[in-house]
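Structure data (mmCIF, C-alpha atoms) from query03.cif:
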```cif
data_start
loop_
_atom_site.label_atom_id
_atom_site.label_comp_id
_atom_site.auth_asym_id
_atom_site.auth_seq_id
_atom_site.Cartn_x
_atom_site.Cartn_y
_atom_site.Cartn_z
CA MET A 1 119.28 95.61 61.63
CA ILE A 2 118.71 98.41 64.08
CA SER A 3 116.49 96.21 66.18
CA ARG A 4 119.15 93.51 66.16
CA VAL A 5 121.78 95.96 67.41
CA ALA A 6 119.36 97.14 70.06
CA THR A 7 118.71 93.56 71.12
CA LEU A 8 122.42 92.90 71.34
CA ALA A 9 122.97 96.02 73.45
CA TRP A 10 120.09 94.95 75.69
CA LEU A 11 121.55 91.47 76.10
CA LEU A 12 125.01 92.83 76.92
CA ALA A 13 123.60 95.30 79.41
CA SER A 14 121.48 92.63 81.04
CA ALA A 15 124.39 90.19 81.25
CA GLY A 16 126.35 92.89 83.07
CA ALA A 17 123.50 93.57 85.45
CA LEU A 18 123.02 89.86 86.08
CA ALA A 19 126.65 89.45 87.06
CA GLN A 20 126.32 92.48 89.33
CA THR A 21 123.42 91.24 91.41
CA THR A 22 124.99 87.85 92.08
CA GLY A 23 128.32 89.31 93.23
CA GLU A 24 129.30 92.07 95.62
CA ALA A 25 126.66 94.53 94.50
CA ARG A 26 123.78 92.77 96.24
CA ARG A 27 121.70 95.25 98.16
CA SER A 28 118.94 94.68 100.64
CA GLY A 29 115.69 96.46 99.81
CA PHE A 30 116.47 98.50 102.92
CA ASP A 31 119.20 100.40 101.05
CA THR A 32 116.86 101.71 98.36
CA MET A 33 114.16 102.96 100.77
CA SER A 34 113.63 106.58 101.78
CA PRO A 35 115.41 107.79 104.96
CA ALA A 36 112.03 108.04 106.74
CA LEU A 37 111.21 104.40 106.03
CA ARG A 38 114.67 103.28 107.05
CA ALA A 39 114.25 105.11 110.36
CA MET A 40 110.87 103.42 110.78
CA GLN A 41 112.43 99.98 110.38
CA ARG A 42 115.44 100.68 112.58
CA ASP A 43 113.47 102.02 115.55
CA ASP A 44 111.66 99.21 117.38
CA GLN A 45 109.17 101.70 118.84
CA GLN A 46 108.28 102.86 115.35
CA ASN A 47 108.39 99.55 113.49
CA PRO A 48 104.81 98.17 113.49
CA GLY A 49 106.19 94.66 112.87
CA MET A 50 107.22 94.69 116.53
CA LEU A 51 103.52 94.49 117.48
CA TRP A 52 103.44 91.01 115.96
CA VAL A 53 106.74 90.09 117.62
CA ALA A 54 105.22 91.00 121.01
CA ASP A 55 102.13 88.91 120.24
CA GLY A 56 104.35 86.05 119.11
CA GLU A 57 106.15 86.03 122.43
CA VAL A 58 102.81 85.59 124.21
CA LEU A 59 101.81 82.76 121.84
CA TRP A 60 105.22 81.11 122.27
CA ASN A 61 104.43 80.59 125.96
CA LYS A 62 100.73 79.79 125.51
CA ILE A 63 99.66 76.20 125.94
CA PHE A 64 97.98 74.81 122.83
CA GLY A 65 96.15 71.50 122.70
CA ILE A 66 96.48 69.38 125.80
CA SER A 67 99.68 70.44 127.46
CA PHE A 68 102.29 71.86 125.16
CA SER A 69 103.41 75.40 124.50
CA CYS A 70 106.26 76.09 122.06
CA ALA A 71 108.35 76.90 125.11
CA SER A 72 107.65 73.48 126.68
CA CYS A 73 110.08 71.93 124.21
CA HIS A 74 112.09 74.81 122.77
CA ARG A 75 112.46 76.75 126.04
CA ASP A 76 113.90 80.22 125.55
CA ALA A 77 113.33 81.25 121.94
CA ARG A 78 116.11 83.82 122.19
CA LYS A 79 118.55 80.92 122.37
CA SER A 80 116.79 78.02 120.68
CA MET A 81 115.40 79.95 117.70
CA ARG A 82 118.53 81.99 116.99
CA GLY A 83 119.57 81.33 113.41
CA VAL A 84 116.52 79.25 112.53
CA ALA A 85 114.90 81.80 110.23
CA ALA A 86 118.27 82.42 108.58
CA ARG A 87 118.45 78.75 107.61
CA TYR A 88 114.90 78.00 106.41
CA PRO A 89 113.44 76.57 104.15
CA ASP A 90 114.97 73.28 105.27
CA TRP A 91 114.52 69.57 104.56
CA ASP A 92 111.94 67.67 106.60
CA PRO A 93 113.22 64.09 106.99
CA ILE A 94 109.82 62.74 108.08
CA ASP A 95 107.71 64.01 105.18
CA LYS A 96 110.75 63.90 102.88
CA LYS A 97 110.15 67.34 101.41
CA PRO A 98 111.38 70.89 101.85
CA VAL A 99 109.41 73.04 104.30
CA ASP A 100 109.50 76.76 105.04
CA LEU A 101 109.17 78.38 108.45
CA THR A 102 105.35 78.60 108.29
CA GLN A 103 105.08 74.90 107.48
CA ARG A 104 107.64 74.03 110.16
CA ILE A 105 105.53 75.80 112.80
CA ASN A 106 102.43 74.00 111.56
CA LEU A 107 104.24 70.63 111.58
CA CYS A 108 105.13 71.26 115.22
CA ARG A 109 101.47 71.98 115.89
CA THR A 110 100.13 68.86 114.19
CA ARG A 111 102.88 66.43 115.27
CA HIS A 112 103.60 67.52 118.82
CA GLN A 113 100.93 69.91 120.08
CA LEU A 114 98.21 67.85 118.35
CA VAL A 115 96.21 70.89 117.27
CA LEU A 116 94.99 72.08 113.88
CA PRO A 117 97.47 73.91 111.64
CA LEU A 118 97.07 77.68 111.49
CA PRO A 119 95.83 79.07 108.16
CA PRO A 120 98.43 80.87 106.03
CA GLU A 121 98.70 84.62 106.75
CA SER A 122 96.56 84.31 109.88
CA GLU A 123 97.45 86.76 112.64
CA GLU A 124 98.53 83.96 114.98
CA MET A 125 100.82 82.38 112.41
CA LEU A 126 102.31 85.74 111.44
CA SER A 127 102.95 86.56 115.10
CA LEU A 128 104.70 83.26 115.82
CA GLU A 129 106.69 83.53 112.63
CA ALA A 130 107.68 87.14 113.34
CA TYR A 131 108.78 86.18 116.85
CA VAL A 132 110.89 83.27 115.58
CA ALA A 133 112.37 85.29 112.69
CA TYR A 134 113.15 88.20 115.02
CA GLN A 135 115.54 85.95 116.97
CA SER A 136 117.77 85.78 113.88
CA ARG A 137 117.85 89.52 113.33
CA GLY A 138 121.29 90.73 112.33
CA MET A 139 122.58 87.26 111.42
CA SER A 140 123.52 86.47 107.82
CA LEU A 141 121.10 84.47 105.72
CA ALA A 142 122.71 81.03 105.75
CA PRO A 143 120.48 78.65 103.75
CA SER A 144 120.44 74.99 104.64
CA THR A 145 123.08 72.97 102.79
CA ALA A 146 121.14 69.68 102.93
CA THR A 147 121.88 67.78 99.70
CA GLU A 148 118.21 66.82 99.31
CA LEU A 149 117.47 70.52 98.69
CA GLU A 150 119.63 70.80 95.59
CA ALA A 151 117.03 69.50 93.13
CA PRO A 152 114.09 71.60 94.43
CA ARG A 153 116.36 74.64 94.66
CA ALA A 154 117.36 74.17 91.01
CA ARG A 155 113.66 73.92 90.08
CA GLY A 156 113.11 77.15 92.02
CA ARG A 157 115.81 78.85 90.00
CA ARG A 158 114.14 77.72 86.76
CA LEU A 159 110.82 79.15 87.98
CA TYR A 160 112.59 82.39 88.87
CA GLU A 161 114.04 82.71 85.39
CA GLN A 162 110.98 81.52 83.48
CA ARG A 163 108.77 84.06 81.77
CA ILE A 164 105.21 83.86 83.04
CA GLY A 165 101.82 85.54 82.80
CA GLN A 166 100.10 87.74 80.24
CA LEU A 167 102.88 90.32 80.58
CA ASN A 168 105.40 87.54 79.85
CA LEU A 169 107.91 88.61 82.48
CA SER A 170 110.21 86.54 84.69
CA CYS A 171 111.23 87.41 88.24
CA SER A 172 114.81 87.68 87.00
CA LEU A 173 113.94 90.21 84.32
CA CYS A 174 112.95 92.87 86.86
CA HIS A 175 114.88 91.91 89.97
CA ASP A 176 118.22 91.02 88.36
CA GLN A 177 118.33 92.92 85.09
CA LEU A 178 116.27 96.01 85.84
CA ALA A 179 116.79 96.39 89.59
CA GLY A 180 117.47 100.00 90.45
CA HIS A 181 115.32 101.26 87.58
CA VAL A 182 111.94 102.83 88.21
CA LEU A 183 108.58 101.12 87.71
CA ALA A 184 105.43 103.21 88.24
CA GLY A 185 107.31 105.68 90.42
CA ALA A 186 108.94 103.08 92.65
CA THR A 187 112.51 101.83 92.51
CA ILE A 188 112.66 98.15 91.57
CA PRO A 189 114.50 96.37 94.40
CA GLN A 190 116.73 93.36 93.88
CA GLY A 191 114.01 91.39 95.59
CA HIS A 192 115.98 89.83 98.42
CA VAL A 193 114.21 87.83 101.10
CA ASN A 194 116.08 88.89 104.23
CA GLY A 195 113.22 90.83 105.84
CA TYR A 196 110.28 88.40 106.03
CA PRO A 197 107.77 88.45 107.52
CA THR A 198 107.66 92.08 106.42
CA TYR A 199 105.44 95.00 107.34
CA ARG A 200 104.42 96.54 104.01
CA LEU A 201 102.88 99.98 104.02
CA GLU A 202 100.82 98.91 101.01
CA TRP A 203 99.32 96.06 103.05
CA GLN A 204 99.13 98.09 106.26
CA GLY A 205 100.03 94.83 107.90
CA LEU A 206 102.53 92.03 108.19
CA GLY A 207 102.86 89.40 105.47
CA THR A 208 105.05 86.51 104.43
CA LEU A 209 107.29 86.02 101.43
CA GLN A 210 104.60 83.84 99.84
CA ARG A 211 102.11 86.69 100.00
CA ARG A 212 104.70 88.96 98.39
CA ILE A 213 105.42 86.48 95.60
CA ARG A 214 101.70 86.06 94.94
CA ASN A 215 101.41 89.87 94.67
CA CYS A 216 104.16 89.98 92.07
CA LEU A 217 102.65 87.09 90.12
CA SER A 218 99.22 88.66 89.92
CA GLY A 219 101.04 91.87 88.92
CA VAL A 220 102.41 90.15 85.82
CA ARG A 221 98.95 88.64 85.33
CA ALA A 222 99.96 85.07 86.01
CA GLU A 223 97.95 82.67 88.12
CA PRO A 224 99.73 82.58 91.49
CA PRO A 225 100.39 79.09 92.87
CA PRO A 226 98.46 78.36 96.08
CA PHE A 227 100.03 78.95 99.49
CA ASP A 228 102.48 76.21 100.51
CA SER A 229 102.48 74.61 97.04
CA ASP A 230 105.69 72.91 95.86
CA GLU A 231 106.41 75.78 93.45
CA MET A 232 106.24 78.32 96.27
CA ILE A 233 108.66 76.39 98.46
CA GLU A 234 111.02 75.85 95.52
CA LEU A 235 111.04 79.55 94.78
CA GLU A 236 111.65 80.31 98.46
CA LEU A 237 114.56 77.86 98.46
CA TYR A 238 116.21 79.52 95.49
CA LEU A 239 115.57 83.04 96.83
CA ALA A 240 117.17 82.15 100.17
CA GLN A 241 120.26 80.95 98.30
CA ARG A 242 120.26 84.06 96.16
CA GLY A 243 120.25 86.31 99.23
CA ALA A 244 122.75 84.24 101.24
CA GLY A 245 124.97 86.45 103.36
CA LEU A 246 122.59 89.40 103.61
CA PRO A 247 121.60 90.30 107.19
CA VAL A 248 118.21 89.15 108.48
CA GLU A 249 116.07 92.27 109.05
CA ALA A 250 112.84 90.63 110.21
CA PRO A 251 110.40 92.18 110.79
CA ALA A 252 111.43 94.60 108.04
CA VAL A 253 109.42 97.59 106.81
CA ARG A 254 108.92 97.99 103.07
CA PRO A 255 106.87 100.41 100.96
CA MET B 1 93.11 94.79 124.09
CA ALA B 2 95.07 96.46 121.38
CA ARG B 3 98.82 96.28 121.34
CA THR B 4 100.97 99.34 121.91
CA LEU B 5 104.62 100.30 121.65
CA ILE B 6 105.57 103.28 123.80
CA HIS B 7 108.89 105.00 124.06
CA ALA B 8 109.17 107.49 126.92
CA PRO B 9 112.40 108.24 128.82
CA ALA B 10 112.51 106.91 132.39
CA THR B 11 114.60 109.84 133.63
CA ALA B 12 115.13 113.45 132.59
CA ARG B 13 116.65 116.67 133.88
CA LYS B 14 114.26 119.42 135.00
CA GLY B 15 113.34 121.57 132.03
CA GLU B 16 114.59 119.04 129.49
CA VAL B 17 112.52 118.57 126.35
CA VAL B 18 111.87 114.86 125.93
CA GLU B 19 110.50 112.98 122.95
CA ILE B 20 107.64 110.53 123.40
CA ARG B 21 106.76 108.02 120.69
CA THR B 22 103.63 105.89 120.64
CA LEU B 23 102.34 103.25 118.25
CA ILE B 24 99.09 101.34 118.61
CA GLY B 25 97.87 98.33 116.66
CA HIS B 26 94.55 99.28 115.08
CA THR B 27 92.98 98.53 111.68
CA MET B 28 91.81 102.14 111.13
CA GLU B 29 89.13 100.88 108.76
CA SER B 30 88.17 103.99 106.82
CA GLY B 31 84.52 103.18 106.11
CA TYR B 32 85.06 103.63 102.37
CA ARG B 33 86.53 100.25 101.45
CA ALA B 34 84.59 97.27 100.13
CA GLY B 35 85.03 93.86 101.72
CA SER B 36 85.41 90.59 99.84
CA ASP B 37 81.61 90.31 99.56
CA GLY B 38 81.40 93.73 97.89
CA ARG B 39 79.71 95.43 100.82
CA THR B 40 81.23 98.52 102.37
CA LEU B 41 83.12 97.76 105.55
CA PRO B 42 81.82 99.87 108.42
CA ARG B 43 84.10 102.58 109.71
CA ASP B 44 86.25 101.59 112.67
CA ILE B 45 88.86 104.19 113.56
CA ILE B 46 90.50 105.77 116.57
CA ARG B 47 88.98 109.25 116.99
CA ARG B 48 91.16 110.85 119.63
CA PHE B 49 94.51 110.45 121.33
CA THR B 50 95.33 112.22 124.58
CA CYS B 51 98.53 112.35 126.59
CA ARG B 52 98.28 113.51 130.20
CA TYR B 53 101.31 114.42 132.27
CA ASN B 54 100.40 114.21 135.97
CA SER B 55 96.73 114.42 134.90
CA GLU B 56 97.25 117.62 132.88
CA VAL B 57 96.64 117.31 129.13
CA VAL B 58 99.95 118.09 127.38
CA PHE B 59 99.18 116.70 123.91
CA SER B 60 96.11 115.54 122.07
CA ALA B 61 95.22 114.69 118.48
CA ASP B 62 92.06 114.03 116.49
CA PHE B 63 92.22 111.13 114.02
CA TYR B 64 90.31 110.89 110.75
CA PRO B 65 89.65 108.06 108.25
CA ALA B 66 92.70 108.94 106.13
CA ILE B 67 95.10 107.95 108.90
CA ALA B 68 96.85 104.65 108.15
CA ALA B 69 96.55 101.46 110.19
CA ASN B 70 98.65 101.15 113.34
CA PRO B 71 98.95 104.94 113.90
CA TYR B 72 102.27 106.26 115.15
CA LEU B 73 102.67 109.59 116.95
CA ALA B 74 105.82 111.36 118.15
CA PHE B 75 105.72 114.55 120.18
CA PHE B 76 107.77 116.56 122.67
CA VAL B 77 107.07 117.39 126.30
CA THR B 78 109.01 119.57 128.73
CA ALA B 79 109.88 117.51 131.80
CA ASP B 80 109.22 119.62 134.87
CA SER B 81 108.34 117.16 137.64
CA SER B 82 108.49 113.45 138.40
CA GLY B 83 105.29 111.55 137.80
CA SER B 84 103.50 109.65 135.11
CA PHE B 85 102.31 109.96 131.55
CA THR B 86 98.89 108.55 130.73
CA PHE B 87 98.13 107.77 127.10
CA THR B 88 94.52 107.32 126.02
CA TRP B 89 93.19 106.25 122.66
CA GLU B 90 89.43 106.44 122.07
CA GLY B 91 87.50 105.49 118.98
CA ASP B 92 84.55 103.90 117.21
CA ASN B 93 82.67 100.93 118.65
CA GLY B 94 83.57 101.98 122.17
CA PHE B 95 87.28 101.51 121.57
CA ALA B 96 89.25 102.78 124.55
CA GLN B 97 92.74 101.98 125.70
CA THR B 98 94.92 103.52 128.36
CA GLU B 99 98.61 102.97 128.92
CA SER B 100 101.03 104.76 131.20
CA ALA B 101 104.73 105.39 131.73
CA THR B 102 106.60 106.91 134.67
CA ILE B 103 109.34 109.51 134.57
CA THR B 104 111.79 110.62 137.27
CA VAL B 105 112.87 114.25 136.93
CA THR B 106 116.06 115.33 138.69
#
```
Before we go any further, please render this structure as structure tokens.
Amino acid sequence: MISRVATLAWLLASAGALAQTTGEARRSGFDTMSPALRAMQRDDQQNPGMLWVADGEVLWNKIFGISFSCASCHRDARKSMRGVAARYPDWDPIDKKPVDLTQRINLCRTRHQLVLPLPPESEEMLSLEAYVAYQSRGMSLAPSTATELEAPRARGRRLYEQRIGQLNLSCSLCHDQLAGHVLAGATIPQGHVNGYPTYRLEWQGLGTLQRRIRNCLSGVRAEPPPFDSDEMIELELYLAQRGAGLPVEAPAVRP
Amino acid sequence: MARTLIHAPATARKGEVVEIRTLIGHTMESGYRAGSDGRTLPRDIIRRFTCRYNSEVVFSADFYPAIAANPYLAFFVTADSSGSFTFTWEGDNGFAQTESATITVT
């Protein structure tokens, strides 16, 4: 009986928390960081992510393959790339599947520049991605509304809510229901995706959302899906929707 | 060539205390970590940072393996004459990088 009451209380509390994180109470991970870390992110001379942004600007103008740089087609990234990172993942009409920003850059490489795709999490890819994402800084996350994305986004939501791994936890359990509580000395954030690629102190480097998700999945002792797998993109699609409206902070700093 | 981010004011009043902030991209490999093949990665760190103001050393720091990657330093200098700041990072494997910034003192 007691355990049933406790379960009921737990369910009620979690329903309340769930409602909270989908409404007004959404908070960027920025808000739960220490003042020192917040200062580090805000100051572009202190934010190490800006090193990658500077590299990305060089790569943007570098000619790859025979004769194309990114700038050959897209010209000034400050204009052409504004809002792009806030919208992705988006639908690719040629391959007829959703693609995230990393894949989009690689599609440009293979289709137009005619060069090999960059490996996931490579320094060059991170730099280009950071430079593109930086152009959307301060804008609200505004996920693509393409109708083709509805089904994969719904699958992403199911993955997000599904218990997984030896610890039998779902993303939602921590990041919706227990956000704000403490796990191993660290505050559990709501897990929003408005800062990627992100400089994590734990990584001592820049990384993408996929790297972060894989971290979490190995943390719950599940087998992480490979980079750029359908599951990853579906999760990214749902997470972008979940964080819609939050300001883009890329490149953010996180503990 | 490593990447750097330097913040130094372009102008200052004579006698003003100005803040200088520097960040350099560097792995700061401690020499204690194992690589993916299980072998210890050799140490590769910056050993010393020096800031010269019109060729006079006004700030320097020794770095050790416990310093995190991409080391950031902030320090204060009294602006007394126009000229330049020279920032030098030196480290393992012959690592050396010099950057500079100019300041006009009125």
>> Please determine, counting all atoms listed in the file, which residue among B:Thr22, B:Thr11, B:Ser82, B:Thr50 has the shortest atom-to-atom distance to chain A.
In response: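 Selected residue with least distance to chain A: B:Thr22.
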>> Show me, as a PyMOL selection string, every residue of chain B with an atom at most 9 Å from chain A, counting all atoms listed in the file.
In response: chain B and resi 3-7+21-25+27+68-73
>> Could you list, as a PyMOL selection string, every residue matched by the PyMOL selection byres ((chain A and resi 78-91) around 8) in this structure?
In response: chain A and resi 74-77+92-93+96-101+132-133+135-136+139-144+146+148-149+233+236-237+240+248
> Could you pull the residues within 12 Å of Ala61 (chain B), counting all atoms listed in the file, minus those fewer than 5 positions along the same chain, as a ChimeraX atom specification?
Replying inline: /B:46-51,67,71-75,87-90
>> Which residues, named as in the file, does the PyMOL selection byres ((chain A and resi 189) around 10) pick out? Answer as a PyMOL selection string.
In response: chain A and resi 27-33+174-176+178-182+186-188+190-192
Any chance you could work out the axis-aligned box around region 40-51 of chain B, listed atoms only, 4 Å on each side, giving centre and edge lengths in Å to one decimal, as lines of an AutoDock Vina configuration file?
```
center_x = 89.9
center_y = 105.1
center_z = 114.5
size_x = 25.3
size_y = 22.6
size_z = 32.2
```
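Between Leu206 (chain A) and the candidates A:Pro255, A:Gly243, A:Gly65, A:Pro226, the tightest atom-to-atom separation, counting all atoms listed in the file, involves A:Pro255.
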Show me, as a PDB file with C-alpha atoms, in the frame of the given file, the residues that have an atom within 9 Å of Gly165 (chain A) when counting only C-alpha atoms, minus same-chain residues fewer than 3 positions from it.
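Below is the file that was written, part-v6.pdb:
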```pdb
ATOM      1  CA  ASN A 168     105.400  87.540  79.850  1.00  0.00           C
ATOM      2  CA  LEU A 169     107.910  88.610  82.480  1.00  0.00           C
ATOM      3  CA  SER A 170     110.210  86.540  84.690  1.00  0.00           C
ATOM      4  CA  LEU A 217     102.650  87.090  90.120  1.00  0.00           C
ATOM      5  CA  SER A 218      99.220  88.660  89.920  1.00  0.00           C
ATOM      6  CA  GLY A 219     101.040  91.870  88.920  1.00  0.00           C
ATOM      7  CA  VAL A 220     102.410  90.150  85.820  1.00  0.00           C
ATOM      8  CA  ARG A 221      98.950  88.640  85.330  1.00  0.00           C
ATOM      9  CA  ALA A 222      99.960  85.070  86.010  1.00  0.00           C
ATOM     10  CA  GLU A 223      97.950  82.670  88.120  1.00  0.00           C
TER      11      GLU A 223
END
```
>> Could you tell me, as a list of chain:residue names, exactly which residues end up selected when the PyMOL selection byres ((chain A and resi 105-107) around 10) is applied to this structure?
In response: A:Cys70, A:Asp92, A:Asp95, A:Val99, A:Asp100, A:Leu101, A:Thr102, A:Gln103, A:Arg104, A:Cys108, A:Arg109, A:Thr110, A:Arg111, A:His112, A:Gln113, A:Leu114, A:Val115, A:Leu116, A:Pro117, A:Leu118, A:Pro119, A:Pro120, A:Met125, A:Leu128, A:Glu129, A:Val132
Take the selection from the previous step and output its residues with C-alpha atoms, as a JSON list (two decimals), keeping the file's coordinate frame.
```
[["chain", "number", "residue", "atom", "x", "y", "z"],
["A", 70, "CYS", "CA", 106.26, 76.09, 122.06],
["A", 92, "ASP", "CA", 111.94, 67.67, 106.60],
["A", 95, "ASP", "CA", 107.71, 64.01, 105.18],
["A", 99, "VAL", "CA", 109.41, 73.04, 104.30],
["A", 100, "ASP", "CA", 109.50, 76.76, 105.04],
["A", 101, "LEU", "CA", 109.17, 78.38, 108.45],
["A", 102, "THR", "CA", 105.35, 78.60, 108.29],
["A", 103, "GLN", "CA", 105.08, 74.90, 107.48],
["A", 104, "ARG", "CA", 107.64, 74.03, 110.16],
["A", 108, "CYS", "CA", 105.13, 71.26, 115.22],
["A", 109, "ARG", "CA", 101.47, 71.98, 115.89],
["A", 110, "THR", "CA", 100.13, 68.86, 114.19],
["A", 111, "ARG", "CA", 102.88, 66.43, 115.27],
["A", 112, "HIS", "CA", 103.60, 67.52, 118.82],
["A", 113, "GLN", "CA", 100.93, 69.91, 120.08],
["A", 114, "LEU", "CA", 98.21, 67.85, 118.35],
["A", 115, "VAL", "CA", 96.21, 70.89, 117.27],
["A", 116, "LEU", "CA", 94.99, 72.08, 113.88],
["A", 117, "PRO", "CA", 97.47, 73.91, 111.64],
["A", 118, "LEU", "CA", 97.07, 77.68, 111.49],
["A", 119, "PRO", "CA", 95.83, 79.07, 108.16],
["A", 120, "PRO", "CA", 98.43, 80.87, 106.03],
["A", 125, "MET", "CA", 100.82, 82.38, 112.41],
["A", 128, "LEU", "CA", 104.70, 83.26, 115.82],
["A", 129, "GLU", "CA", 106.69, 83.53, 112.63],
["A", 132, "VAL", "CA", 110.89, 83.27, 115.58]]
```
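With all atoms listed in the file as the basis for measurement, B:Ser84 is the residue among B:Ala101, B:Ser84, B:Gly94, B:Ala79 that approaches Asn54 (chain B) most closely.
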>> Please report the interatomic distance between CA of Met40 (chain A) and CA of Arg200 (chain A) in Å with one decimal.
In response: 11.6 Å
>> Using all atoms listed in the file, which protein or nucleic acid residues come within 9 Å of Ala10 (chain B)? Drop anything in the same chain fewer than 4 positions from it, and give the result as a list in words.
In response: Ala101, Thr102, Ile103, Thr104 and Val105 of chain B
> How many Å lie between CA of Ala8 (chain B) and CA of Val77 (chain B), rounded to one decimal?
Replying inline: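 Interatomic distance, CA of Ala8 (chain B) to CA of Val77 (chain B): 10.1 Å.
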>> If we count only C-alpha atoms and set the cut-off at 10 Å, which residues sit around Thr40 (chain B), ignoring sequence neighbours fewer than 5 positions away in its own chain? Please answer as a VMD selection string.
In response: chain B and resid 30 to 35
Would you fill out region 27-42 of chain A with N, CA and C atoms and return it as a PDB file, keeping the file's coordinate frame?
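Contents of selection.pdb, as written:
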```
ATOM      1  N   ARG A  27     122.163  94.252  97.194  1.00  0.00           N
ATOM      2  CA  ARG A  27     121.700  95.250  98.160  1.00  0.00           C
ATOM      3  C   ARG A  27     120.354  94.833  98.692  1.00  0.00           C
ATOM      4  N   SER A  28     120.228  94.929 100.009  1.00  0.00           N
ATOM      5  CA  SER A  28     118.940  94.680 100.640  1.00  0.00           C
ATOM      6  C   SER A  28     117.970  95.775 100.193  1.00  0.00           C
ATOM      7  N   GLY A  29     116.690  95.458 100.152  1.00  0.00           N
ATOM      8  CA  GLY A  29     115.690  96.460  99.810  1.00  0.00           C
ATOM      9  C   GLY A  29     115.763  97.659 100.744  1.00  0.00           C
ATOM     10  N   PHE A  30     116.301  97.437 101.925  1.00  0.00           N
ATOM     11  CA  PHE A  30     116.470  98.500 102.920  1.00  0.00           C
ATOM     12  C   PHE A  30     117.259  99.673 102.339  1.00  0.00           C
ATOM     13  N   ASP A  31     118.296  99.352 101.535  1.00  0.00           N
ATOM     14  CA  ASP A  31     119.200 100.400 101.050  1.00  0.00           C
ATOM     15  C   ASP A  31     118.559 101.315 100.026  1.00  0.00           C
ATOM     16  N   THR A  32     117.471 100.860  99.386  1.00  0.00           N
ATOM     17  CA  THR A  32     116.860 101.710  98.360  1.00  0.00           C
ATOM     18  C   THR A  32     115.621 102.432  98.897  1.00  0.00           C
ATOM     19  N   MET A  33     115.345 102.289 100.216  1.00  0.00           N
ATOM     20  CA  MET A  33     114.160 102.960 100.770  1.00  0.00           C
ATOM     21  C   MET A  33     114.489 104.409 101.136  1.00  0.00           C
ATOM     22  N   SER A  34     113.442 105.192 101.368  1.00  0.00           N
ATOM     23  CA  SER A  34     113.630 106.580 101.780  1.00  0.00           C
ATOM     24  C   SER A  34     114.188 106.606 103.204  1.00  0.00           C
ATOM     25  N   PRO A  35     114.874 107.692 103.594  1.00  0.00           N
ATOM     26  CA  PRO A  35     115.410 107.790 104.960  1.00  0.00           C
ATOM     27  C   PRO A  35     114.322 107.625 106.025  1.00  0.00           C
ATOM     28  N   ALA A  36     113.110 108.138 105.751  1.00  0.00           N
ATOM     29  CA  ALA A  36     112.030 108.040 106.740  1.00  0.00           C
ATOM     30  C   ALA A  36     111.650 106.578 106.974  1.00  0.00           C
ATOM     31  N   LEU A  37     111.573 105.815 105.887  1.00  0.00           N
ATOM     32  CA  LEU A  37     111.210 104.400 106.030  1.00  0.00           C
ATOM     33  C   LEU A  37     112.307 103.600 106.707  1.00  0.00           C
ATOM     34  N   ARG A  38     113.563 103.981 106.400  1.00  0.00           N
ATOM     35  CA  ARG A  38     114.670 103.280 107.050  1.00  0.00           C
ATOM     36  C   ARG A  38     114.640 103.530 108.548  1.00  0.00           C
ATOM     37  N   ALA A  39     114.342 104.783 108.927  1.00  0.00           N
ATOM     38  CA  ALA A  39     114.250 105.110 110.360  1.00  0.00           C
ATOM     39  C   ALA A  39     113.128 104.315 111.001  1.00  0.00           C
ATOM     40  N   MET A  40     112.026 104.160 110.261  1.00  0.00           N
ATOM     41  CA  MET A  40     110.870 103.420 110.780  1.00  0.00           C
ATOM     42  C   MET A  40     111.256 101.967 111.059  1.00  0.00           C
ATOM     43  N   GLN A  41     112.038 101.375 110.171  1.00  0.00           N
ATOM     44  CA  GLN A  41     112.430  99.980 110.380  1.00  0.00           C
ATOM     45  C   GLN A  41     113.435  99.847 111.529  1.00  0.00           C
ATOM     46  N   ARG A  42     114.361 100.802 111.594  1.00  0.00           N
ATOM     47  CA  ARG A  42     115.440 100.680 112.580  1.00  0.00           C
ATOM     48  C   ARG A  42     114.952 100.850 114.018  1.00  0.00           C
TER      49      ARG A  42
END
```
